[in-house]
Amino acid sequence: MKDFSILIGGRAGFGIDKSSLIIAGILKQLNWRLYVYRDYPSLIRGGHTFSIIRASREKIAAHLNKIDYLLALNQDTITFHEKRLKDDSIVIYDSDSVKSKGLGIPLGKIIKEENASDIMRNTGILGALCKTLGVEWQILEYVLRKNFDKDIEVNLKIAHRGYDEAKGSTKIDMLDQAKLPLFTGNEMIGLGLIKGGLKTYIAYPMTPTSPILHFLANMAEKFSLKVIHPESEISVILMALGFAYCGEKVAVGTSGGGFCLMTEGLSFSGMAELPVVIILGQRPGPSTGLPTHSCQTDLHFALNAGQGEFLRFMAAPGDAEEAYYWSQVALNMSWKYQIPSIILSDKTLGEGTYSFDINLVKEIKEENPVLWDRKDRFKRYMNTKNGVSPFAFPPDKDAIVKVNSYEHDESGISTENPEITKMMQDKRLGKEKFISKELEGFETVKIHGDRNSPTSIICWGSNKGVCVEAAGILGLKVIQPIVLSPFPLKQFKNSLKGVKKLISVENNATGQLARLINIFGFEANELVLKYDGRPFSLDELVERLKEVI
Amino acid sequence: MKDLGTYCPNTWCAGCGNFAIMNAMKAVLNTLNAEGLGLENVVLVSGIGCHAKIVDYVNVNSFYSLHGRVFPPAEGIKLANPDLKVIGHAGDGDAYGEGLEHLIFAAKRNIDITAIIHDNRVYGLTTGQCTPTSPLGYKGRSTPGGTKERPLNPLEVMIASGATYLARGTSHGIDLLKKIFKEAIMHKGFSLVDVLQVCVTYYNMYEYYDKRVYELKEHDPGNYNQALAKIREWDYNADSPIALGVLYKKEAPTLDDSYYKGAPERPDVSKMVKEIIDGPV
């Protein structure tokens, strides 16, 4: 088998998410490359939740609509996902609660006989799946032992009974390549921030970035991090600016609604030149929208949020490796240029699980901010050639550190003087020239696929994986701007060489990237948009692209 | 005595109650400095309003924040470096209006910072509207027929929220201000001083306060019920006597003390991150 997909579904509270990660963990042991797409409603119990685990010989970052194995823990799973089945797909289901054709396992009976809890029907169906895939029992046992601290023996028993009920119908090979670890985009943002020198993370819980808060809270002791959950997103960003004032590298995380509350703090960061990294995980709006689903609708909001004109760095990573890398870059840029940075993520990237290959990530060093040389009297906003005023942090016997949300002079004292106002605005905005120059040394615009194709997809963020794969099938080029502010005009222009037709693929209703490049005089000829709260599947995108190429 | 002034021209109205607060604060900072604190360890945080100009006028570390956002950065600064003395100056609109949520949470956390509220019971800088502590019927520019809302009793809100030091002063009593400012700053925990500061331009209450204020004697600030009774004696509305001095004082664990401070040495982050990525197979 070249490539296959498994869908596991049931009610929220059935343990679908954990089961999908165990399946991915098993296939990881056989050195397959994986991508897990999670689809769940905004509730704690009930509703319908499912995950698609896609395995491939090559690295992937997209799911398919069509599936090869359907694991049904309730009838809804059959009803909702029957249409995804191919002629030779295999359905494995709980025959005590589901009516279907395929391989029925009496999971209700098994858990009763083993005196186990209802949620353990999962391990029974995992056992049946492994036998069907020809996975050796030892591998399943190994992965289960890694995933369960308690009740492992009874879980193993149930898994074994599921295993015995099934017949091996295929044999998934152990691939001759390195094993790659599995991480979500959120985890890699968290690890990237840690590696980039993060000391404090502050967030108010909000899907889809709460997992970063949880992940870093669990890492806090190990890495001497302070992880704080205050009363609101307003407090989150203002607290963060207090940390930045003291020289502590700090990041915050939220989604659109929380980011709305952060905008006054963002603008303050721009005015007071206090560095902060904001992780903005997009989810469909307007307003509360679809809290647990995905979209790319906050590009222009993030680019323009906050009153007044100020410089910000913004990058939209496309997969786990880029999430790891650009989170480090964001911290460096924030502290080097004393500006706010935004990592624009979304639910697909944040909560998707990827095979992570560290060898694909360029090594990057934590950079230290420019510090006051202690020669002349310290002025927090001293005007310099590149606009960056060297830092001092309190307590410093020789420096009085005054930061200010009002327009201010070099010492940080409020002013309404027109000359100073202009000078300070020039100083702050003038940093753009220098950061843009530095960014020329980074791969701010990536090119994938057939570089000579006159037809190119343009995409950003989590659409990278699906676009690159679709382009491979259709023989297209892909242009992926990663840095969106300051816009990498030079690299973007170069990427367009030889392109006659540009197709913008986006998870929004209005073509936000197309609108952005338009500002710089470029035009997307076609828009392929999806805004139902779900990311493109590969098969769906290929069909949509065929209509326009 | 250091002058502690800056070159910034002062733009408060003649007779403004803010002068008393600033002069008291400067005197307290000088005293603390003489006692060995070191002024580099002080950070003043302010909101937006007439009160907030104090950070332009006092030559120590300062963080001129946004309207209503005095306490979140003050807490961030304290958690970043618990050795700093962080003093938040806020107006009544700032602390009790736009930023009330933050104030309640700072008290709830009993974080070791100090709140000095310049409570003039009117919006001065925006030229005379009612605030959360304006009395019922206050005629301001946004309520020409008199406000229909009763005022908050901020000290009652604070004692219910978990503040561990509560005091009241007026801008007509600088000696008392010096005493309670110093105590509040040295108090371990969240301290708040509500200063009945007079706005000479929009709400001149000097005479009103002078008639009603009295300094607390034989009051036990450690007794919660006594403190609550004294706090409730004047509800910022009725014409009752107004107690000045320390109303409530209690020792309790502080957030900054109980917070995980981290290992003294930074671990080898790159290596440890790599170990997580490589993980167990």
# chains A, B, ... in the order shown; residues from 1 in each chain; ligands from 1

$ interface_residues --of "chain A" --to "chain B" --cutoff "6 Å" --atoms "only C-alpha atoms" --output "PDB file with N, CA and C atoms, in the first residue's frame"
ATOM      1  N   LYS A 195      12.803  27.292  22.658  1.00  0.00           N
ATOM      2  CA  LYS A 195      14.145  27.300  22.081  1.00  0.00           C
ATOM      3  C   LYS A 195      14.593  28.725  21.763  1.00  0.00           C
ATOM      4  N   SER A 224      12.038  26.266  33.617  1.00  0.00           N
ATOM      5  CA  SER A 224      11.979  27.499  34.424  1.00  0.00           C
ATOM      6  C   SER A 224      11.130  28.575  33.758  1.00  0.00           C
ATOM      7  N   SER A 235      -5.756  41.763  30.020  1.00  0.00           N
ATOM      8  CA  SER A 235      -4.742  41.600  31.047  1.00  0.00           C
ATOM      9  C   SER A 235      -3.548  40.805  30.519  1.00  0.00           C
ATOM     10  N   LEU A 238      -1.272  43.129  28.487  1.00  0.00           N
ATOM     11  CA  LEU A 238      -0.685  44.197  29.313  1.00  0.00           C
ATOM     12  C   LEU A 238       0.319  43.619  30.322  1.00  0.00           C
ATOM     13  N   MET A 239      -0.019  42.474  30.897  1.00  0.00           N
ATOM     14  CA  MET A 239       0.934  41.804  31.789  1.00  0.00           C
ATOM     15  C   MET A 239       2.215  41.489  31.031  1.00  0.00           C
ATOM     16  N   GLY A 242       4.469  44.258  30.793  1.00  0.00           N
ATOM     17  CA  GLY A 242       5.194  44.444  32.056  1.00  0.00           C
ATOM     18  C   GLY A 242       6.428  43.550  32.117  1.00  0.00           C
ATOM     19  N   PHE A 243       6.278  42.307  31.664  1.00  0.00           N
ATOM     20  CA  PHE A 243       7.431  41.396  31.619  1.00  0.00           C
ATOM     21  C   PHE A 243       8.487  41.914  30.644  1.00  0.00           C
ATOM     22  N   PRO A 395      16.007  46.648  37.882  1.00  0.00           N
ATOM     23  CA  PRO A 395      16.667  47.792  38.488  1.00  0.00           C
ATOM     24  C   PRO A 395      18.068  47.988  37.920  1.00  0.00           C
ATOM     25  N   ASP A 396      18.364  49.221  37.571  1.00  0.00           N
ATOM     26  CA  ASP A 396      19.706  49.572  37.112  1.00  0.00           C
ATOM     27  C   ASP A 396      20.063  50.886  37.799  1.00  0.00           C
ATOM     28  N   LYS A 397      21.082  50.849  38.637  1.00  0.00           N
ATOM     29  CA  LYS A 397      21.463  52.022  39.444  1.00  0.00           C
ATOM     30  C   LYS A 397      21.668  53.271  38.610  1.00  0.00           C
ATOM     31  N   ILE A 400      17.361  55.356  34.508  1.00  0.00           N
ATOM     32  CA  ILE A 400      15.938  55.513  34.837  1.00  0.00           C
ATOM     33  C   ILE A 400      15.182  55.135  33.573  1.00  0.00           C
ATOM     34  N   VAL A 401      14.389  54.070  33.690  1.00  0.00           N
ATOM     35  CA  VAL A 401      13.739  53.513  32.506  1.00  0.00           C
ATOM     36  C   VAL A 401      12.282  53.956  32.476  1.00  0.00           C
ATOM     37  N   LYS A 402      11.975  54.830  31.527  1.00  0.00           N
ATOM     38  CA  LYS A 402      10.605  55.340  31.426  1.00  0.00           C
ATOM     39  C   LYS A 402      10.014  54.910  30.093  1.00  0.00           C
ATOM     40  N   VAL A 403       8.937  54.105  30.140  1.00  0.00           N
ATOM     41  CA  VAL A 403       8.220  53.763  28.902  1.00  0.00           C
ATOM     42  C   VAL A 403       6.869  54.455  28.935  1.00  0.00           C
ATOM     43  N   ASN A 404       6.312  54.670  27.755  1.00  0.00           N
ATOM     44  CA  ASN A 404       5.176  55.580  27.689  1.00  0.00           C
ATOM     45  C   ASN A 404       4.253  55.243  26.526  1.00  0.00           C
ATOM     46  N   SER A 405       2.943  55.231  26.791  1.00  0.00           N
ATOM     47  CA  SER A 405       1.959  54.989  25.727  1.00  0.00           C
ATOM     48  C   SER A 405       1.611  56.293  24.990  1.00  0.00           C
ATOM     49  N   ILE A 413       9.494  60.893  28.275  1.00  0.00           N
ATOM     50  CA  ILE A 413       8.569  61.871  28.857  1.00  0.00           C
ATOM     51  C   ILE A 413       7.560  62.283  27.774  1.00  0.00           C
TER      52      ILE A 413
END

$ select_by_dssp --residues "region 71-280 of chain B" --states "alpha helix (DSSP H)" --output "PyMOL selection string"
chain B and resi 71-80+92+100-109+154-161+174-186+206-212+224-233+255-258+269-278

$ write_last_selection --atoms "C-alpha atoms" --output "tab-separated table (two decimals), in the first residue's frame"
chain	number	residue	atom	x	y	z
B	71	PHE	CA	-2.51	46.75	37.35
B	72	PRO	CA	-1.83	44.11	34.67
B	73	PRO	CA	1.57	45.59	33.75
B	74	ALA	CA	2.27	46.28	37.42
B	75	GLU	CA	1.67	42.58	38.10
B	76	GLY	CA	3.80	41.57	35.11
B	77	ILE	CA	6.66	43.72	36.40
B	78	LYS	CA	6.33	42.27	39.91
B	79	LEU	CA	6.25	38.68	38.66
B	80	ALA	CA	9.20	39.32	36.35
B	92	ASP	CA	-11.06	56.43	39.97
B	100	LEU	CA	-12.19	47.30	37.80
B	101	GLU	CA	-11.77	43.69	36.72
B	102	HIS	CA	-7.99	44.01	36.90
B	103	LEU	CA	-8.15	45.66	40.31
B	104	ILE	CA	-10.34	42.89	41.71
B	105	PHE	CA	-8.01	40.23	40.36
B	106	ALA	CA	-4.89	41.94	41.67
B	107	ALA	CA	-6.54	41.98	45.12
B	108	LYS	CA	-7.70	38.36	44.72
B	109	ARG	CA	-4.11	37.33	43.99
B	154	PRO	CA	-14.43	50.81	46.35
B	155	LEU	CA	-13.02	49.81	49.72
B	156	GLU	CA	-15.91	47.43	50.29
B	157	VAL	CA	-15.24	45.90	46.87
B	158	MET	CA	-11.57	45.59	47.78
B	159	ILE	CA	-12.04	43.95	51.16
B	160	ALA	CA	-14.39	41.44	49.54
B	161	SER	CA	-11.84	40.77	46.79
B	174	ILE	CA	-0.21	65.29	53.34
B	175	ASP	CA	1.22	64.00	56.62
B	176	LEU	CA	-1.31	61.21	56.76
B	177	LEU	CA	-0.68	60.45	53.08
B	178	LYS	CA	3.05	60.09	53.74
B	179	LYS	CA	2.37	57.72	56.61
B	180	ILE	CA	-0.06	55.46	54.77
B	181	PHE	CA	1.80	55.52	51.45
B	182	LYS	CA	4.92	54.27	53.20
B	183	GLU	CA	3.01	51.62	55.09
B	184	ALA	CA	1.20	50.52	51.97
B	185	ILE	CA	4.44	50.21	49.99
B	186	MET	CA	6.10	48.24	52.79
B	206	TYR	CA	-12.35	70.60	49.93
B	207	GLU	CA	-14.96	72.15	52.16
B	208	TYR	CA	-17.24	69.11	52.05
B	209	TYR	CA	-14.45	66.74	53.09
B	210	ASP	CA	-12.96	69.07	55.69
B	211	LYS	CA	-16.28	69.05	57.52
B	212	ARG	CA	-16.67	65.28	57.58
B	224	TYR	CA	-12.21	42.17	59.73
B	225	ASN	CA	-15.65	43.02	61.13
B	226	GLN	CA	-14.48	46.29	62.61
B	227	ALA	CA	-12.77	47.13	59.33
B	228	LEU	CA	-15.88	46.31	57.34
B	229	ALA	CA	-18.04	48.44	59.64
B	230	LYS	CA	-15.70	51.41	59.23
B	231	ILE	CA	-15.57	50.87	55.46
B	232	ARG	CA	-19.38	50.88	55.36
B	233	GLU	CA	-19.72	53.94	57.58
B	255	LEU	CA	1.11	35.51	44.58
B	256	ASP	CA	4.67	36.58	43.83
B	257	ASP	CA	5.95	34.56	46.78
B	258	SER	CA	4.00	31.42	46.04
B	269	VAL	CA	17.40	24.80	26.52
B	270	SER	CA	18.52	23.74	23.04
B	271	LYS	CA	19.67	20.35	24.26
B	272	MET	CA	16.53	19.77	26.28
B	273	VAL	CA	14.25	20.79	23.42
B	274	LYS	CA	16.13	18.39	21.16
B	275	GLU	CA	15.62	15.63	23.70
B	276	ILE	CA	11.88	16.26	23.65
B	277	ILE	CA	11.82	16.21	19.86
B	278	ASP	CA	13.88	13.05	19.64

$ residues_around --residues "Ile364 (chain A)" --least-positions-apart "3" --cutoff "12 Å" --atoms "only C-alpha atoms" --output "ChimeraX atom specification"
/A:192-193,195-197,324-332,361,367,442 /B:270

$ write_last_selection --atoms "C-alpha atoms" --output "short mmCIF file (atom, residue, chain, number, x, y, z; two decimals), in the first residue's frame"
data_model
loop_
_atom_site.label_atom_id
_atom_site.label_comp_id
_atom_site.auth_asym_id
_atom_site.auth_seq_id
_atom_site.Cartn_x
_atom_site.Cartn_y
_atom_site.Cartn_z
CA GLY A 192 10.03 26.88 19.13
CA LEU A 193 9.28 29.63 21.62
CA LYS A 195 14.14 27.30 22.08
CA GLY A 196 13.95 30.96 21.09
CA GLY A 197 14.49 31.99 24.71
CA TYR A 324 8.95 25.57 15.21
CA TYR A 325 11.30 27.67 13.12
CA TRP A 326 9.27 30.86 12.74
CA SER A 327 8.31 30.98 16.42
CA GLN A 328 12.01 31.27 17.15
CA VAL A 329 12.45 33.90 14.46
CA ALA A 330 9.49 35.87 15.85
CA LEU A 331 11.10 36.11 19.29
CA ASN A 332 14.38 37.19 17.74
CA VAL A 361 14.57 22.90 10.03
CA GLU A 367 19.70 36.60 19.56
CA PHE A 442 15.50 34.23 5.28
CA SER B 270 18.52 23.74 23.04
#

$ select_by_dssp --residues "region 96-127 of chain B" --states "strand (DSSP E)" --output "list in words"
Thr114, Ala115, Ile116, Ile117, His118 and Asp119 of chain B

$ atom_distance --atom1 "CA of Ile113 (chain B)" --atom2 "CA of Ala167 (chain B)"
14.3 Å

$ residues_around --residues "Lys139 (chain B)" --least-positions-apart "5" --cutoff "12 Å" --atoms "only C-alpha atoms" --output "ChimeraX atom specification"
/B:121-122,128-131,134,144-149,202-203

$ write_last_selection --atoms "N, CA and C atoms" --output "PDB file, in the first residue's frame"
ATOM      1  N   ARG B 121     -13.420  61.605  42.039  1.00  0.00           N
ATOM      2  CA  ARG B 121     -14.842  61.355  41.805  1.00  0.00           C
ATOM      3  C   ARG B 121     -15.401  62.160  40.629  1.00  0.00           C
ATOM      4  N   VAL B 122     -14.485  62.450  39.702  1.00  0.00           N
ATOM      5  CA  VAL B 122     -14.891  63.121  38.467  1.00  0.00           C
ATOM      6  C   VAL B 122     -13.816  62.834  37.416  1.00  0.00           C
ATOM      7  N   GLY B 128     -14.965  66.668  33.009  1.00  0.00           N
ATOM      8  CA  GLY B 128     -16.081  66.722  33.926  1.00  0.00           C
ATOM      9  C   GLY B 128     -17.263  65.805  33.686  1.00  0.00           C
ATOM     10  N   GLN B 129     -17.035  64.485  33.673  1.00  0.00           N
ATOM     11  CA  GLN B 129     -18.141  63.533  33.655  1.00  0.00           C
ATOM     12  C   GLN B 129     -18.141  62.728  34.962  1.00  0.00           C
ATOM     13  N   CYS B 130     -19.255  62.049  35.227  1.00  0.00           N
ATOM     14  CA  CYS B 130     -19.337  61.299  36.482  1.00  0.00           C
ATOM     15  C   CYS B 130     -18.474  60.037  36.422  1.00  0.00           C
ATOM     16  N   THR B 131     -18.018  59.588  37.568  1.00  0.00           N
ATOM     17  CA  THR B 131     -17.185  58.386  37.662  1.00  0.00           C
ATOM     18  C   THR B 131     -17.888  57.361  38.539  1.00  0.00           C
ATOM     19  N   SER B 134     -18.778  58.930  41.869  1.00  0.00           N
ATOM     20  CA  SER B 134     -19.569  60.178  41.964  1.00  0.00           C
ATOM     21  C   SER B 134     -20.872  59.858  42.709  1.00  0.00           C
ATOM     22  N   PRO B 144     -26.268  65.709  32.552  1.00  0.00           N
ATOM     23  CA  PRO B 144     -26.689  67.071  32.934  1.00  0.00           C
ATOM     24  C   PRO B 144     -27.887  67.065  33.888  1.00  0.00           C
ATOM     25  N   GLY B 145     -28.706  66.013  33.835  1.00  0.00           N
ATOM     26  CA  GLY B 145     -29.841  65.942  34.751  1.00  0.00           C
ATOM     27  C   GLY B 145     -29.490  65.264  36.065  1.00  0.00           C
ATOM     28  N   GLY B 146     -28.225  64.983  36.271  1.00  0.00           N
ATOM     29  CA  GLY B 146     -27.798  64.281  37.495  1.00  0.00           C
ATOM     30  C   GLY B 146     -27.737  62.775  37.239  1.00  0.00           C
ATOM     31  N   THR B 147     -26.658  62.136  37.702  1.00  0.00           N
ATOM     32  CA  THR B 147     -26.524  60.694  37.450  1.00  0.00           C
ATOM     33  C   THR B 147     -27.589  59.919  38.223  1.00  0.00           C
ATOM     34  N   LYS B 148     -28.119  58.873  37.595  1.00  0.00           N
ATOM     35  CA  LYS B 148     -29.154  58.048  38.216  1.00  0.00           C
ATOM     36  C   LYS B 148     -28.537  56.831  38.913  1.00  0.00           C
ATOM     37  N   GLU B 149     -27.203  56.763  38.906  1.00  0.00           N
ATOM     38  CA  GLU B 149     -26.525  55.594  39.475  1.00  0.00           C
ATOM     39  C   GLU B 149     -25.945  55.924  40.839  1.00  0.00           C
ATOM     40  N   TYR B 202     -13.363  70.787  38.401  1.00  0.00           N
ATOM     41  CA  TYR B 202     -14.643  70.153  38.090  1.00  0.00           C
ATOM     42  C   TYR B 202     -15.429  69.637  39.294  1.00  0.00           C
ATOM     43  N   TYR B 203     -14.770  69.471  40.423  1.00  0.00           N
ATOM     44  CA  TYR B 203     -15.518  68.944  41.578  1.00  0.00           C
ATOM     45  C   TYR B 203     -14.781  69.311  42.855  1.00  0.00           C
TER      46      TYR B 203
END

$ residues_around --residues "region 56-67 of chain A" --least-positions-apart "2" --cutoff "6 Å" --atoms "only C-alpha atoms" --output "ChimeraX atom specification"
/A:3,5-6,32-33,35,69,84-85,465-466,537-539

$ atom_distance --atom1 "CA of Val246 (chain B)" --atom2 "CA of Thr170 (chain B)"
12.6 Å

$ residues_around --residues "Gly15 (chain B)" --least-positions-apart "4" --cutoff "10 Å" --atoms "only C-alpha atoms" --output "PyMOL selection string"
chain B and resi 19-20+171+198-201+204

$ closest_residue --among "B:Leu136, B:Ile87, B:Met22, B:Leu4" --to "Leu192 (chain B)" --atoms "only C-alpha atoms"
B:Ile87

$ residues_around --residues "region 418-430 of chain A" --least-positions-apart "5" --cutoff "9 Å" --atoms "only C-alpha atoms" --output "number ranges by chain"
A: 270-271, 273, 309-311, 339, 381, 383-388, 407-410

$ atom_distance --atom1 "CA of Val86 (chain B)" --atom2 "CA of Ala115 (chain B)"
8.9 Å
